[in-house]
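Student: Input start_17.cif, format and content: mmCIF, C-alpha atoms.
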data_input
loop_
_atom_site.label_atom_id
_atom_site.label_comp_id
_atom_site.auth_asym_id
_atom_site.auth_seq_id
_atom_site.Cartn_x
_atom_site.Cartn_y
_atom_site.Cartn_z
CA MET A 449 103.33 110.95 30.07
CA GLY A 450 105.18 114.11 31.07
CA ASN A 451 104.88 117.05 28.69
CA TYR A 452 106.33 115.19 25.71
CA VAL A 453 105.39 112.63 23.07
CA VAL A 454 107.64 109.74 22.07
CA VAL A 455 107.80 109.90 18.27
CA GLU A 456 110.39 107.17 17.61
CA SER A 457 112.35 104.69 19.72
CA PHE A 458 114.91 102.19 18.40
CA VAL A 459 117.67 100.00 19.85
CA LYS A 460 119.84 97.59 17.85
CA GLY A 461 122.95 95.64 18.73
CA LYS A 462 125.93 95.47 16.40
CA SER A 463 125.83 91.67 16.53
CA GLU A 464 123.16 88.98 16.74
CA VAL A 465 125.33 86.84 19.01
CA ILE A 466 126.48 89.44 21.57
CA SER A 467 124.04 91.13 23.94
CA CYS A 468 123.29 94.76 23.11
CA GLU A 469 124.69 97.17 25.71
CA ASP A 470 122.58 100.20 24.69
CA ARG A 471 119.32 100.99 26.49
CA ILE A 472 116.40 103.42 26.25
CA VAL A 473 114.50 104.58 29.33
CA ILE A 474 111.14 106.36 29.20
CA THR A 475 109.38 107.51 32.38
CA PRO A 476 106.97 110.39 33.13
CA TYR A 477 109.91 112.43 34.47
CA TYR A 478 112.95 111.36 32.44
CA CYS A 479 113.91 110.02 29.05
CA ALA A 480 117.36 108.60 28.47
CA VAL A 481 119.65 106.73 26.11
CA ILE A 482 122.35 104.66 27.83
CA ASP A 483 125.49 103.33 26.15
CA GLY A 484 127.31 100.58 28.03
CA ALA A 485 131.06 100.82 27.39
CA THR A 486 132.60 98.16 25.15
CA SER A 487 134.58 95.71 27.28
CA LYS A 488 138.36 95.94 27.08
CA THR A 489 138.99 92.80 29.15
CA PRO A 490 137.42 89.31 29.23
CA MET A 491 135.88 89.98 32.66
CA ASN A 492 132.19 89.16 33.13
CA ILE A 493 129.79 88.53 36.00
CA LEU A 494 127.16 85.80 35.56
CA ASN A 495 128.21 85.66 31.87
CA LEU A 496 127.31 89.34 31.39
CA THR A 497 129.78 92.07 30.41
CA PRO A 498 130.56 95.13 32.57
CA GLY A 499 128.91 97.34 29.93
CA PHE A 500 125.72 95.25 30.11
CA TRP A 501 125.68 95.50 33.90
CA ALA A 502 126.24 99.26 33.79
CA ALA A 503 123.42 99.82 31.30
CA GLU A 504 120.95 97.73 33.31
CA LEU A 505 121.84 99.32 36.65
CA ILE A 506 121.62 102.85 35.24
CA LYS A 507 118.29 102.07 33.58
CA GLN A 508 116.84 100.87 36.90
CA SER A 509 118.22 103.93 38.69
CA ILE A 510 116.55 106.33 36.24
CA ILE A 511 113.23 104.49 36.49
CA ASP A 512 113.32 105.03 40.27
CA LEU A 513 114.34 108.72 40.19
CA PRO A 514 112.00 111.32 41.75
CA TYR A 515 110.61 114.11 39.57
CA ASP A 516 112.80 117.02 40.72
CA CYS A 517 116.15 115.26 41.10
CA PRO A 518 118.99 117.64 40.05
CA LEU A 519 121.93 116.46 37.97
CA LYS A 520 124.34 116.07 40.90
CA MET A 521 121.89 113.91 42.83
CA VAL A 522 121.09 111.84 39.73
CA THR A 523 124.77 110.99 39.30
CA GLU A 524 125.11 110.24 43.02
CA LEU A 525 122.15 107.84 43.03
CA ILE A 526 123.39 106.04 39.91
CA THR A 527 126.90 105.86 41.38
CA GLU A 528 125.54 104.31 44.57
CA LYS A 529 123.52 101.76 42.57
CA ILE A 530 126.62 100.58 40.68
CA ARG A 531 128.82 100.63 43.79
CA SER A 532 126.26 98.47 45.63
CA CYS A 533 126.61 95.91 42.86
CA TYR A 534 130.40 95.92 43.27
CA ILE A 535 129.92 95.22 46.98
CA LYS A 536 127.39 92.46 46.31
CA TYR A 537 129.81 90.57 44.09
CA GLY A 538 132.96 91.38 46.07
CA LEU A 539 134.49 93.56 43.36
CA GLU A 540 135.40 96.72 45.32
CA ASP A 541 139.15 96.06 45.44
CA ASP A 542 139.31 94.79 41.86
CA VAL A 543 137.63 97.83 40.29
CA CYS A 544 139.83 100.19 42.31
CA GLN A 545 143.03 98.44 41.26
CA HIS A 546 141.87 97.64 37.72
CA PRO A 547 139.57 100.48 36.52
CA GLU A 548 139.26 98.81 33.09
CA ASN A 549 136.98 96.26 34.84
CA ARG A 550 134.47 98.84 36.07
CA PHE A 551 130.82 98.75 35.02
CA SER A 552 130.96 101.84 32.80
CA ALA A 553 128.43 103.63 30.61
CA SER A 554 127.57 107.00 29.11
CA ALA A 555 124.08 108.50 29.04
CA ALA A 556 122.02 111.27 27.50
CA ILE A 557 119.24 112.14 29.96
CA PHE A 558 116.33 114.54 29.40
CA SER A 559 114.84 115.94 32.63
CA VAL A 560 111.23 117.07 32.33
CA CYS A 561 111.51 119.08 35.56
CA TYR A 562 114.57 121.09 34.54
CA ASN A 563 113.91 121.01 30.78
CA GLU A 564 117.54 120.09 30.22
CA VAL A 565 119.52 117.36 28.48
CA TRP A 566 122.51 116.04 30.40
CA LEU A 567 125.29 114.41 28.36
CA ILE A 568 127.25 112.25 30.80
CA GLY A 569 130.02 110.81 28.65
CA ASP A 570 129.94 110.55 24.88
CA CYS A 571 126.27 110.07 24.08
CA GLN A 572 124.76 112.79 21.88
CA CYS A 573 121.55 114.72 21.27
CA ARG A 574 119.91 116.86 18.61
CA ILE A 575 117.56 119.70 19.54
CA ASN A 576 115.60 121.56 16.87
CA GLY A 577 118.07 120.55 14.17
CA ILE A 578 121.28 121.27 16.11
CA THR A 579 123.48 118.35 17.19
CA TYR A 580 125.35 118.41 20.51
CA LYS A 581 128.14 115.97 21.36
CA ASN A 582 130.46 115.36 24.29
CA GLU A 583 133.31 113.46 22.64
CA LYS A 584 136.45 112.24 24.40
CA LEU A 585 139.79 113.56 23.19
CA VAL A 586 141.39 110.17 23.83
CA ASP A 587 138.91 108.50 21.46
CA ARG A 588 139.86 110.95 18.72
CA ILE A 589 143.55 110.27 19.27
CA PHE A 590 143.19 106.48 19.34
CA SER A 591 140.86 106.52 16.31
CA GLU A 592 143.60 108.33 14.37
CA VAL A 593 146.19 105.77 15.48
CA ARG A 594 143.92 102.84 14.55
CA SER A 595 143.24 104.44 11.17
CA TYR A 596 146.97 104.85 10.55
CA VAL A 597 147.75 101.23 11.49
CA ASN A 598 144.95 99.73 9.40
CA ARG A 599 145.56 101.95 6.38
CA THR A 600 149.21 100.93 6.54
CA GLU A 601 148.13 97.27 6.59
CA LEU A 602 145.97 97.88 3.50
CA LEU A 603 148.95 99.52 1.77
CA ARG A 604 151.01 96.43 2.57
CA GLY A 605 148.46 94.20 0.87
CA LYS A 606 145.90 93.23 3.50
CA THR A 607 142.24 93.25 2.37
CA ILE A 608 139.30 94.93 4.07
CA GLY A 609 137.82 91.50 4.74
CA GLU A 610 141.01 90.33 6.44
CA LEU A 611 141.01 93.40 8.69
CA GLN A 612 137.34 92.88 9.53
CA LYS A 613 138.25 89.37 10.67
CA LYS A 614 141.38 90.47 12.55
CA ASP A 615 141.44 94.21 13.27
CA VAL A 616 145.16 94.87 13.59
CA GLY A 617 144.58 98.55 14.39
CA ARG A 618 142.16 97.71 17.19
CA GLU A 619 144.66 95.24 18.65
CA TYR A 620 147.35 97.93 18.47
CA ILE A 621 145.33 100.50 20.46
CA LEU A 622 143.79 98.04 22.95
CA PRO A 623 146.55 98.55 25.56
CA LEU A 624 145.98 102.31 25.22
CA LEU A 625 142.21 101.86 25.63
CA LYS A 626 142.82 99.91 28.82
CA LYS A 627 145.04 102.71 30.12
CA GLN A 628 142.66 105.54 29.19
CA VAL A 629 140.24 104.56 31.97
CA ILE A 630 142.62 106.05 34.52
CA TRP A 631 141.36 109.42 33.20
CA GLN A 632 137.64 108.71 33.61
CA ASN A 633 136.19 110.88 36.38
CA SER A 634 139.77 111.90 37.27
CA GLU A 635 140.14 114.98 39.46
CA VAL A 636 143.27 115.95 37.50
CA ASP A 637 142.57 119.05 35.40
CA SER A 638 143.44 117.77 31.92
CA LEU A 639 142.10 117.60 28.37
CA TYR A 640 142.23 113.81 28.75
CA THR A 641 139.72 113.57 31.62
CA TYR A 642 136.14 112.64 30.85
CA PRO A 643 132.95 111.79 32.77
CA VAL A 644 131.32 108.39 32.87
CA LEU A 645 128.87 106.50 35.07
CA ASP A 646 131.02 103.79 36.70
CA GLY A 647 130.27 103.60 40.42
CA PHE A 648 132.74 106.38 41.28
CA PRO A 649 132.01 110.12 41.71
CA VAL A 650 131.14 111.64 38.34
CA LEU A 651 133.28 114.49 37.00
CA LEU A 652 130.43 117.01 36.83
CA SER A 653 132.59 119.75 35.29
CA LYS A 654 132.79 117.65 32.09
CA VAL A 655 129.06 116.85 31.89
CA ARG A 656 127.46 118.87 29.10
CA VAL A 657 124.16 120.53 30.06
CA ILE A 658 121.88 121.77 27.27
CA SER A 659 118.78 123.87 27.94
CA VAL A 660 115.78 122.80 25.87
CA PRO A 661 113.42 125.46 24.44
CA LYS A 662 109.67 125.05 24.60
CA CYS A 663 107.96 123.09 21.81
CA ALA A 664 111.27 121.50 20.86
CA GLN A 665 112.07 118.28 19.04
CA ILE A 666 114.69 116.29 20.95
CA VAL A 667 116.73 113.35 19.68
CA LEU A 668 118.79 111.37 22.20
CA ALA A 669 121.24 108.81 20.81
CA SER A 670 124.29 106.72 21.60
CA ASP A 671 127.51 107.25 19.68
CA GLY A 672 126.66 104.29 17.44
CA TYR A 673 125.47 106.92 14.96
CA PRO A 674 128.20 108.95 13.20
CA VAL A 675 125.61 111.56 12.17
CA LEU A 676 122.31 112.43 13.86
CA CYS A 677 119.40 113.46 11.65
CA ASP A 678 115.89 114.64 12.48
CA ASP A 679 114.34 111.21 12.03
CA LEU A 680 115.43 107.60 12.48
CA ARG A 681 115.08 106.61 8.82
CA GLU A 682 117.52 109.27 7.61
CA THR A 683 119.92 108.65 10.52
CA GLU A 684 120.04 104.93 9.68
CA LYS A 685 120.48 105.69 5.98
CA VAL A 686 123.46 107.97 6.65
CA LEU A 687 125.01 105.33 8.93
CA PHE A 688 124.84 102.57 6.34
CA ASP A 689 125.89 104.84 3.50
CA ILE A 690 129.05 105.60 5.48
CA LEU A 691 129.64 101.94 6.38
CA GLU A 692 129.22 100.86 2.78
CA ARG A 693 132.02 103.23 1.77
CA ASP A 694 134.14 102.80 4.91
CA PRO A 695 133.35 99.53 6.77
CA LEU A 696 136.58 99.67 8.75
CA CYS A 697 135.79 103.20 9.99
CA ILE A 698 139.28 104.46 9.12
CA GLU A 699 138.69 107.03 6.36
CA GLU A 700 135.34 108.82 6.22
CA TYR A 701 134.36 108.18 9.85
CA LEU A 702 137.19 107.39 12.26
CA SER A 703 136.42 105.15 15.21
CA THR A 704 138.23 102.96 17.73
CA LYS A 705 136.47 99.99 16.10
CA GLY A 706 135.02 99.05 12.71
CA VAL A 707 132.42 96.62 11.42
CA ALA A 708 133.73 93.20 12.44
CA ARG A 709 132.99 90.19 10.26
CA MET A 710 129.35 89.04 10.63
CA ASN A 711 128.38 92.23 12.52
CA ASP A 712 125.64 94.67 11.52
CA SER A 713 127.52 97.86 12.41
CA PHE A 714 130.62 99.10 14.22
CA ASP A 715 128.74 99.62 17.50
CA ASP A 716 125.41 99.12 19.25
CA ARG A 717 123.03 102.00 18.61
CA ALA A 718 120.01 103.62 20.25
CA TYR A 719 117.81 106.45 18.98
CA LEU A 720 114.96 108.22 20.80
CA ARG A 721 112.99 111.12 19.32
CA LEU A 722 110.69 113.26 21.47
CA GLN A 723 108.37 116.14 20.73
CA LEU A 724 107.63 118.66 23.49
#
Could you render the structure as structure tokens?
Tutor:
Amino acid sequence: MGNYVVVESFVKGKSEVISCEDRIVITPYYCAVIDGATSKTPMNILNLTPGFWAAELIKQSIIDLPYDCPLKMVTELITEKIRSCYIKYGLEDDVCQHPENRFSASAAIFSVCYNEVWLIGDCQCRINGITYKNEKLVDRIFSEVRSYVNRTELLRGKTIGELQKKDVGREYILPLLKKQVIWQNSEVDSLYTYPVLDGFPVLLSKVRVISVPKCAQIVLASDGYPVLCDDLRETEKVLFDILERDPLCIEEYLSTKGVARMNDSFDDRAYLRLQL
């Protein structure tokens, strides 16, 4: 299969009762990790979340891609796939007027033809021991705000368990998270803009392209991992070491969400390791 070997592949949802929105795709021409965006509204189609729909549609698009498809064409074909789904379910007007309802996802895609990794959104990769990310500034800002709110609640006497049951900080930033989507794939030149796969033209200037050397080890992962290591076992260990010390994700690792009560982690996670 291609000129690579799949060494490790792992996908795990943060909860046993909510469908995982991360995906892994492996074809002769492409390998990818897809991270469906966490829903910010109660909207669903056929009892499935927008993030679930996005991940599934992007996965199918990558499976169908020809060998020598360049980045721009890849994003265009995925965009058309998602837009066709909007049309099928009569959602075109809704997703234009309410961008928080769009089927949105990030992806880390390795192209065998171009020997490149494309980070579309905030997925991440690690190549020969060096980690590459494509983080959103708005996420950093809102993570700081959530940390401040929840740490203030702890100072006022709330317990970690109470905040895992009712995340006051998450509730505080939720209106901001709903508003941030106006910046996704925006043509406005700003530090707040970011790329995402959502059925609208992708902001290619914000896609991170990493050239891969020959005989490289490549790790593709969703942002469900705070730290990427060279193997899955160590990456999982670091994750749970952090969550044991900081389950709310407000001190050691700041996030827009923490480990909710009864959940396994703060987010779905996917990890794919390749050897060229």
Student: To verify the selection step, state as a list in words which residues the PyMOL selection byres ((chain A and resi 708) around 10) yields on this input.
Tutor: Lys462, Ser463, Gly609, Glu610, Leu611, Gln612, Lys613, Lys614, Asp615, Pro695, Leu696, Lys705, Gly706, Val707, Arg709, Met710, Asn711, Asp712, Ser713, Phe714 and Asp715 of chain A
Student: Using the chain letters and numbers from the file, give me the residues hit by the PyMOL selection byres ((chain A and resi 466-475) around 10), as a PyMOL selection string.
Tutor: chain A and resi 449-450+454+457-465+476-486+496-504+506-508+510-513+515+553-558+560+668-672+711+715-720
Student: Let me make sure I understand: among A:Thr683, A:Tyr452, A:Lys606, A:Cys573, which one has the smallest atom-to-atom distance to A:Cys663 if we use all atoms listed in the file?
Tutor: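 Smallest distance to A:Cys663 is found for A:Tyr452.
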Student: Compare A:Leu645, A:Val660, A:Ile575, A:Val686 by their minimum atom-to-atom distance to A:Leu525, counting only C-alpha atoms, and give me the closest one.
Tutor: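 Under the stated criterion, the closest residue is A:Leu645.
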Student: Work out how far atom CA of A:Lys654 is from atom CA of A:Asn576, in Å to one decimal.
Tutor: 23.3 Å
Student: With a distance cut-off of 7 Å and all atoms listed in the file, select the neighbouring residues of stretch 580-589 of chain A, excluding the residue or stretch itself and same-chain residues fewer than 2 positions from it, and output the selection as a tab-separated table (two decimals) with C-alpha atoms, in the coordinates of the input.
Tutor:
chain	number	residue	atom	x	y	z
A	567	LEU	CA	125.29	114.41	28.36
A	569	GLY	CA	130.02	110.81	28.65
A	570	ASP	CA	129.94	110.55	24.88
A	571	CYS	CA	126.27	110.07	24.08
A	572	GLN	CA	124.76	112.79	21.88
A	573	CYS	CA	121.55	114.72	21.27
A	574	ARG	CA	119.91	116.86	18.61
A	578	ILE	CA	121.28	121.27	16.11
A	591	SER	CA	140.86	106.52	16.31
A	592	GLU	CA	143.60	108.33	14.37
A	593	VAL	CA	146.19	105.77	15.48
A	639	LEU	CA	142.10	117.60	28.37
A	640	TYR	CA	142.23	113.81	28.75
A	642	TYR	CA	136.14	112.64	30.85
A	656	ARG	CA	127.46	118.87	29.10
A	704	THR	CA	138.23	102.96	17.73
Student: Written as a ChimeraX atom specification, what is the full residue list that the PyMOL selection byres ((chain A and resi 651) around 10) yields on the file shown?
Tutor: /A:520,523,568-569,632-635,641-645,648-650,652-655
Student: When you draw a straight line from atom CA of A:Arg618 to atom CA of A:Val597, how long is it in Å?
Tutor: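 Rounded to one decimal, the two atoms are 8.7 Å apart.
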Student: Using all atoms listed in the file for the distances, tell me which of A:Tyr562, A:Gly617, A:Gly647, A:Glu699 is nearest to A:Leu539.
Tutor: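 Between A:Tyr562, A:Gly617, A:Gly647, A:Glu699, the residue approaching A:Leu539 most closely is A:Gly647.
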Student: By how many Å are atom CA of A:Pro514 and atom CA of A:Gly577 apart?
Tutor: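 These two atoms are separated by 29.7 Å.
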Student: Name the closest residue to A:Ile658 among the candidates A:Leu676, A:Leu519, A:Val616, A:Leu724; distances are taken between atoms, counting all atoms listed in the file.
Tutor: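 Answer, going by the shortest atom-to-atom distance: A:Leu519.
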Student: Can you sort out the box for stretch 459-466 of chain A, edges along x, y and z, all listed atoms in, 4 Å on every side, with centre and edge lengths in Å to one decimal, as lines of an AutoDock Vina configuration file?
Tutor:
center_x = 122.1
center_y = 93.4
center_z = 19.0
size_x = 16.8
size_y = 21.2
size_z = 13.2
Student: Could you tell me which of A:His546, A:Lys685, A:Asp646, A:Ile698 comes closest to A:Lys626 if we count all atoms listed in the file?
Tutor: A:His546
Student: Within 7 Å of (140.9, 106.4, 25.8), in the coordinates the file gives, what residues turn up when you count only C-alpha atoms, written out as a ChimeraX atom specification?
Tutor: /A:586-587,590,624-625,628-629
Student: Measuring atom to atom with all atoms listed in the file, identify which of A:Phe551, A:Asp637, A:Asp516, A:Ser532 is nearest to A:Ile493.
Tutor: A:Phe551
